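Structure record follows, encoded as structure tokens.
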Amino acid sequence: MPPRSTPTARQRRLGAELRKMRIAAGMTTEFAAALLDVPRTNVPNMESGRSGISPERVRTLAGNYGCPDQQLVDALASMAAEREKGWWEPYRGRLPAGFLDIAEMEWHARRLRIGLSVHLPGILSLEDYALAVFEQGIPRLAKADIDVRVAHRVARRRVLDRADPPHMDLILHEAALRMQFGGAAVARKQLSFLLEASDRDNVRLSVIPFSAGGFPGAGQSVTYAEASVPQLDAVQLDSSHGPEFIDSEMQLRKYRAVLDAMRALALTPAASRDFVHTIINDL
């Protein structure tokens, strides 16, 4: 098969982990190619996610690289075995690739830690709220482009209806709760849905009130996705030019600390729910 033109973030991550493993072992691309009996040029394609790799070949490489972490090897082999297309695939070519990478990351996460200061969680957006957010984009998007973004964002919450949904830990600043995207009626409906979602056993809602003062990560939108093994965790940051994905251990430690600090300032889940009810009543 020809190399993929646009590998997903998950495919790139699998390749990057294999490359890190090879370099840590002090092995060359020629060595890896000989192990797999493929041309040397195939190895860079596999390590960039542009070419697929079988679970058996993942284990062959890991074994010859001397990787001692069997849980990591099993997780990588499981990633290599994935063949079923995700619900987001029909949007490929209709949306920037980063939007699809967010949905893919959420779908495969065991736990999502989300810290937001201005927006409410995209994964829990209702249609009117998502529409109001996307209508603020600069340059202004065509209606058809906005509509497909809204449909994709609303569809992201289907991960909560999986048989084994990820645990979701939401830490929201009061500013995000008081922003009235779409007006008071839209905000009221969106906040009510947020409370409804927090009734789920796997969803925890915590609020940082204005009175808590400053905090690390203020102004950022952070999603920390915990994988089946910690080495495959990832962070997704929002920016005006699109989502950014981070997976270096130093940055993962940093954002775990940021979210821990936010959690320490937040109200308890019960007090947070009461706080949201108060905001709804004020609208």
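Chains: A, B, ... in order of the structure tokens. Residues: from 1 per chain. Ligands: from 1, in order shown.
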Name all residues at most 10 Å from range 24-37 of chain A (count only C-alpha atoms; drop same-chain ones fewer than 5 positions away) and give them as an mmCIF file with all heavy atoms, in the first residue's frame.
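Done, and the output landed in part-v1.cif:
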```
data_model
loop_
_atom_site.group_PDB
_atom_site.id
_atom_site.type_symbol
_atom_site.label_atom_id
_atom_site.label_comp_id
_atom_site.auth_asym_id
_atom_site.auth_seq_id
_atom_site.Cartn_x
_atom_site.Cartn_y
_atom_site.Cartn_z
ATOM 1 N N LEU A 18 7.842 3.878 18.437
ATOM 2 C CA LEU A 18 8.762 2.884 17.883
ATOM 3 C C LEU A 18 10.120 3.516 17.579
ATOM 4 O O LEU A 18 11.169 2.892 17.791
ATOM 5 C CB LEU A 18 8.167 2.260 16.615
ATOM 6 C CG LEU A 18 6.928 1.387 16.820
ATOM 7 C CD1 LEU A 18 6.364 0.954 15.473
ATOM 8 C CD2 LEU A 18 7.252 0.174 17.688
ATOM 9 N N ARG A 19 10.099 4.747 17.098
ATOM 10 C CA ARG A 19 11.367 5.436 16.811
ATOM 11 C C ARG A 19 12.135 5.681 18.113
ATOM 12 O O ARG A 19 13.351 5.465 18.181
ATOM 13 C CB ARG A 19 11.095 6.751 16.090
ATOM 14 C CG ARG A 19 12.363 7.512 15.718
ATOM 15 C CD ARG A 19 12.032 8.756 14.886
ATOM 16 N NE ARG A 19 13.257 9.420 14.459
ATOM 17 C CZ ARG A 19 13.903 10.331 15.192
ATOM 18 N NH1 ARG A 19 13.428 10.680 16.388
ATOM 19 N NH2 ARG A 19 15.010 10.891 14.744
ATOM 20 N N ASN A 42 11.285 1.926 4.239
ATOM 21 C CA ASN A 42 10.011 1.635 4.885
ATOM 22 C C ASN A 42 10.015 2.033 6.355
ATOM 23 O O ASN A 42 8.974 2.355 6.929
ATOM 24 C CB ASN A 42 9.683 0.140 4.786
ATOM 25 C CG ASN A 42 9.197 -0.257 3.413
ATOM 26 O OD1 ASN A 42 9.554 0.370 2.420
ATOM 27 N ND2 ASN A 42 8.376 -1.311 3.352
ATOM 28 N N VAL A 43 11.191 1.986 6.984
ATOM 29 C CA VAL A 43 11.262 2.244 8.421
ATOM 30 C C VAL A 43 10.903 3.696 8.755
ATOM 31 O O VAL A 43 10.075 3.938 9.646
ATOM 32 C CB VAL A 43 12.646 1.856 8.974
ATOM 33 C CG1 VAL A 43 12.751 2.220 10.464
ATOM 34 C CG2 VAL A 43 12.881 0.360 8.777
ATOM 35 N N PRO A 44 11.468 4.704 8.084
ATOM 36 C CA PRO A 44 11.038 6.078 8.367
ATOM 37 C C PRO A 44 9.547 6.298 8.136
ATOM 38 O O PRO A 44 8.915 7.069 8.865
ATOM 39 C CB PRO A 44 11.884 6.917 7.390
ATOM 40 C CG PRO A 44 13.092 6.088 7.134
ATOM 41 C CD PRO A 44 12.608 4.672 7.128
ATOM 42 N N GLU A 47 7.827 4.907 11.147
ATOM 43 C CA GLU A 47 8.092 5.702 12.341
ATOM 44 C C GLU A 47 7.464 7.096 12.278
ATOM 45 O O GLU A 47 7.406 7.796 13.295
ATOM 46 C CB GLU A 47 9.600 5.820 12.569
ATOM 47 C CG GLU A 47 10.241 4.486 12.937
ATOM 48 C CD GLU A 47 11.724 4.583 13.202
ATOM 49 O OE1 GLU A 47 12.336 5.623 12.847
ATOM 50 O OE2 GLU A 47 12.284 3.619 13.762
ATOM 51 N N ARG A 57 4.887 -7.310 13.980
ATOM 52 C CA ARG A 57 6.118 -6.575 13.705
ATOM 53 C C ARG A 57 6.468 -5.618 14.842
ATOM 54 O O ARG A 57 7.652 -5.379 15.122
ATOM 55 C CB ARG A 57 5.988 -5.833 12.375
ATOM 56 C CG ARG A 57 6.086 -6.781 11.175
ATOM 57 C CD ARG A 57 6.090 -6.043 9.857
ATOM 58 N NE ARG A 57 6.593 -6.913 8.787
ATOM 59 C CZ ARG A 57 6.747 -6.543 7.540
ATOM 60 N NH1 ARG A 57 6.409 -5.309 7.167
ATOM 61 N NH2 ARG A 57 7.217 -7.382 6.643
ATOM 62 N N VAL A 58 5.452 -5.064 15.489
ATOM 63 C CA VAL A 58 5.717 -4.234 16.674
ATOM 64 C C VAL A 58 6.444 -5.061 17.727
ATOM 65 O O VAL A 58 7.450 -4.632 18.310
ATOM 66 C CB VAL A 58 4.409 -3.660 17.251
ATOM 67 C CG1 VAL A 58 4.641 -3.069 18.649
ATOM 68 C CG2 VAL A 58 3.830 -2.596 16.328
ATOM 69 N N THR A 60 8.158 -7.816 17.238
ATOM 70 C CA THR A 60 9.494 -8.175 16.743
ATOM 71 C C THR A 60 10.489 -7.052 17.009
ATOM 72 O O THR A 60 11.602 -7.279 17.505
ATOM 73 C CB THR A 60 9.442 -8.480 15.240
ATOM 74 O OG1 THR A 60 8.660 -9.656 15.025
ATOM 75 C CG2 THR A 60 10.847 -8.714 14.675
ATOM 76 N N LEU A 61 10.089 -5.828 16.679
ATOM 77 C CA LEU A 61 10.976 -4.693 16.904
ATOM 78 C C LEU A 61 11.253 -4.497 18.393
ATOM 79 O O LEU A 61 12.408 -4.342 18.808
ATOM 80 C CB LEU A 61 10.369 -3.422 16.312
ATOM 81 C CG LEU A 61 10.270 -3.358 14.785
ATOM 82 C CD1 LEU A 61 9.540 -2.092 14.357
ATOM 83 C CD2 LEU A 61 11.655 -3.397 14.143
ATOM 84 N N ALA A 62 10.189 -4.515 19.205
ATOM 85 C CA ALA A 62 10.358 -4.285 20.645
ATOM 86 C C ALA A 62 11.254 -5.341 21.275
ATOM 87 O O ALA A 62 12.105 -5.031 22.124
ATOM 88 C CB ALA A 62 8.995 -4.264 21.329
ATOM 89 N N ASN A 64 13.643 -7.128 19.815
ATOM 90 C CA ASN A 64 15.032 -6.965 19.391
ATOM 91 C C ASN A 64 15.635 -5.644 19.875
ATOM 92 O O ASN A 64 16.863 -5.512 19.923
ATOM 93 C CB ASN A 64 15.129 -7.069 17.872
ATOM 94 C CG ASN A 64 15.034 -8.500 17.385
ATOM 95 O OD1 ASN A 64 16.031 -9.217 17.334
ATOM 96 N ND2 ASN A 64 13.818 -8.929 17.047
ATOM 97 N N TYR A 65 14.786 -4.684 20.223
ATOM 98 C CA TYR A 65 15.286 -3.444 20.817
ATOM 99 C C TYR A 65 15.544 -3.617 22.316
ATOM 100 O O TYR A 65 16.055 -2.707 22.964
ATOM 101 C CB TYR A 65 14.288 -2.310 20.619
ATOM 102 C CG TYR A 65 14.079 -1.854 19.188
ATOM 103 C CD1 TYR A 65 12.934 -1.144 18.839
ATOM 104 C CD2 TYR A 65 15.013 -2.117 18.188
ATOM 105 C CE1 TYR A 65 12.722 -0.707 17.540
ATOM 106 C CE2 TYR A 65 14.804 -1.688 16.884
ATOM 107 C CZ TYR A 65 13.652 -0.984 16.568
ATOM 108 O OH TYR A 65 13.441 -0.560 15.277
ATOM 109 N N GLY A 66 15.102 -4.739 22.852
ATOM 110 C CA GLY A 66 15.313 -4.987 24.277
ATOM 111 C C GLY A 66 14.402 -4.177 25.174
ATOM 112 O O GLY A 66 14.775 -3.878 26.322
ATOM 113 N N CYS A 67 13.206 -3.820 24.700
ATOM 114 C CA CYS A 67 12.274 -3.038 25.520
ATOM 115 C C CYS A 67 11.791 -3.884 26.697
ATOM 116 O O CYS A 67 11.188 -4.944 26.490
ATOM 117 C CB CYS A 67 11.085 -2.567 24.694
ATOM 118 S SG CYS A 67 9.873 -1.619 25.649
#
```
For this session: Output as JSON, numbers by chain all residues of range 71-196 of chain A that backbone DSSP marks as alpha helix (DSSP H).
Result: {"A": [71, 72, 73, 74, 75, 76, 77, 78, 79, 80, 81, 97, 98, 99, 100, 101, 102, 103, 104, 105, 106, 107, 108, 127, 128, 129, 130, 131, 132, 133, 134, 143, 144, 145, 146, 147, 148, 149, 150, 151, 152, 153, 154, 155, 174, 175, 176, 177, 178, 184, 185, 186, 187, 188, 189, 190, 191, 192, 193, 194, 195, 196]}
Exercise. Counting only C-alpha atoms, what is within 12 Å of Ile114 in chain A, bar same-chain residues fewer than 4 positions away, as a ChimeraX atom specification?
Worked result: /A:106,119-124,167-173,203-207,217,220-226,235-238,255-256,258-260,262-263
For this session: as a list in words, please: all residues of range 67-191 of chain A that backbone DSSP puts in strand (DSSP E).
Result: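 DSSP on the backbone gives strand (DSSP E) at Arg111, Leu112, Arg113, Ile114, Gly115, Leu116, His167, Met168, Asp169, Leu170, Ile171, Leu172 and His173 of chain A.
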Serialized selection, N, CA and C atoms, as a compact mmCIF listing (two decimals), in the first residue's frame:
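Saved as selection-v2.txt:
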```
# COMPACT_ATOMS: atom_id res chain seq x y z
N ARG A 111 -9.25 8.12 30.59
CA ARG A 111 -9.68 9.22 31.46
C ARG A 111 -9.35 10.52 30.76
N LEU A 112 -10.26 11.50 30.88
CA LEU A 112 -10.05 12.82 30.32
C LEU A 112 -10.08 13.85 31.46
N ARG A 113 -8.98 14.56 31.61
CA ARG A 113 -8.92 15.66 32.58
C ARG A 113 -8.97 16.95 31.78
N ILE A 114 -10.00 17.75 31.99
CA ILE A 114 -10.24 18.93 31.16
C ILE A 114 -10.28 20.17 32.04
N GLY A 115 -9.41 21.13 31.75
CA GLY A 115 -9.38 22.39 32.46
C GLY A 115 -9.64 23.54 31.50
N LEU A 116 -10.70 24.32 31.74
CA LEU A 116 -11.11 25.38 30.82
C LEU A 116 -11.38 26.67 31.57
N HIS A 167 -13.59 8.08 32.15
CA HIS A 167 -13.91 8.96 33.27
C HIS A 167 -13.57 10.38 32.83
N MET A 168 -14.44 11.33 33.13
CA MET A 168 -14.22 12.70 32.70
C MET A 168 -14.17 13.61 33.92
N ASP A 169 -13.04 14.27 34.09
CA ASP A 169 -12.81 15.16 35.22
C ASP A 169 -12.78 16.59 34.69
N LEU A 170 -13.87 17.33 34.92
CA LEU A 170 -14.01 18.69 34.38
C LEU A 170 -13.68 19.71 35.46
N ILE A 171 -12.76 20.63 35.16
CA ILE A 171 -12.43 21.73 36.06
C ILE A 171 -12.67 23.01 35.28
N LEU A 172 -13.73 23.72 35.62
CA LEU A 172 -14.16 24.88 34.84
C LEU A 172 -14.09 26.14 35.68
N HIS A 173 -13.53 27.20 35.11
CA HIS A 173 -13.49 28.47 35.80
C HIS A 173 -14.84 29.17 35.68
```
For the contact check between range 188-255 of chain A and range 77-93 of chain A, emit one row per residue of range 188-255 of chain A within 12 Å, containing the shortest atom pair and the distance in Å rounded to one decimal, counting only C-alpha atoms, chain then rising number order, as a Markdown table.
```
| residue | atom | partner | partner_atom | distance |
| --- | --- | --- | --- | --- |
| A:Ala227 | CA | A:Met79 | CA | 11.1 |
| A:Ser228 | CA | A:Ser78 | CA | 10.1 |
| A:Val229 | CA | A:Ser78 | CA | 11.7 |
| A:Leu232 | CA | A:Met79 | CA | 10.6 |
```
Just-selected residues, N, CA and C atoms written as a CSV table (one decimal), in the first residue's frame:
```
chain,number,residue,atom,x,y,z
A,227,ALA,N,-4.0,7.3,28.7
A,227,ALA,CA,-4.1,6.1,27.9
A,227,ALA,C,-4.1,4.9,28.7
A,228,SER,N,-4.0,3.7,28.0
A,228,SER,CA,-4.0,2.5,28.7
A,228,SER,C,-2.7,2.3,29.5
A,229,VAL,N,-1.6,3.0,29.1
A,229,VAL,CA,-0.4,3.0,29.9
A,229,VAL,C,0.1,4.5,29.9
A,232,LEU,N,1.7,6.6,27.0
A,232,LEU,CA,1.0,7.0,25.8
A,232,LEU,C,0.0,8.1,26.1
```
For this session: Rounded to one decimal place, report the CA of Pro139 in chain A-CA of Leu95 in chain A distance in Å.
Result: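 Distance reported for this atom pair: 15.7 Å.
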Check which residues of range 182-241 of chain A sit at most 8 Å from range 249-252 of chain A using only C-alpha atoms, and return one row each with the closest pair of atoms and their distance in Å to one decimal, ordered by chain and rising number, as JSON lines.
```
{"residue": "A:Gln231", "atom": "CA", "partner": "A:Glu249", "partner_atom": "CA", "distance": 7.8}
{"residue": "A:Asp233", "atom": "CA", "partner": "A:Leu252", "partner_atom": "CA", "distance": 7.5}
{"residue": "A:Ala234", "atom": "CA", "partner": "A:Leu252", "partner_atom": "CA", "distance": 7.0}
{"residue": "A:Val235", "atom": "CA", "partner": "A:Leu252", "partner_atom": "CA", "distance": 6.9}
```
Preceding selection exported with C-alpha atoms as a compact mmCIF listing (two decimals), in the first residue's frame:
```
# COMPACT_ATOMS: atom_id res chain seq x y z
CA GLN A 231 3.74 6.47 28.43
CA ASP A 233 -0.78 9.87 27.59
CA ALA A 234 -1.31 13.04 25.55
CA VAL A 235 -2.25 16.68 26.06
```
For this session: Work out how far CA of Leu191 in chain A is from CA of Ala270 in chain A, in Å to one decimal.
Result: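 CA of Leu191 in chain A lies at a distance of 15.3 Å from CA of Ala270 in chain A.
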Problem set entry | From A:Asn281, A:Thr41, A:Ser51, A:Gln71, residue lying nearest Ala184 in chain A [only C-alpha atoms] | A:Asn281
Exercise. So what do you get for CA of Thr278 in chain A versus CA of Leu195 in chain A, distance-wise?
Worked result: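 Separation of CA of Thr278 in chain A and CA of Leu195 in chain A: 11.9 Å.
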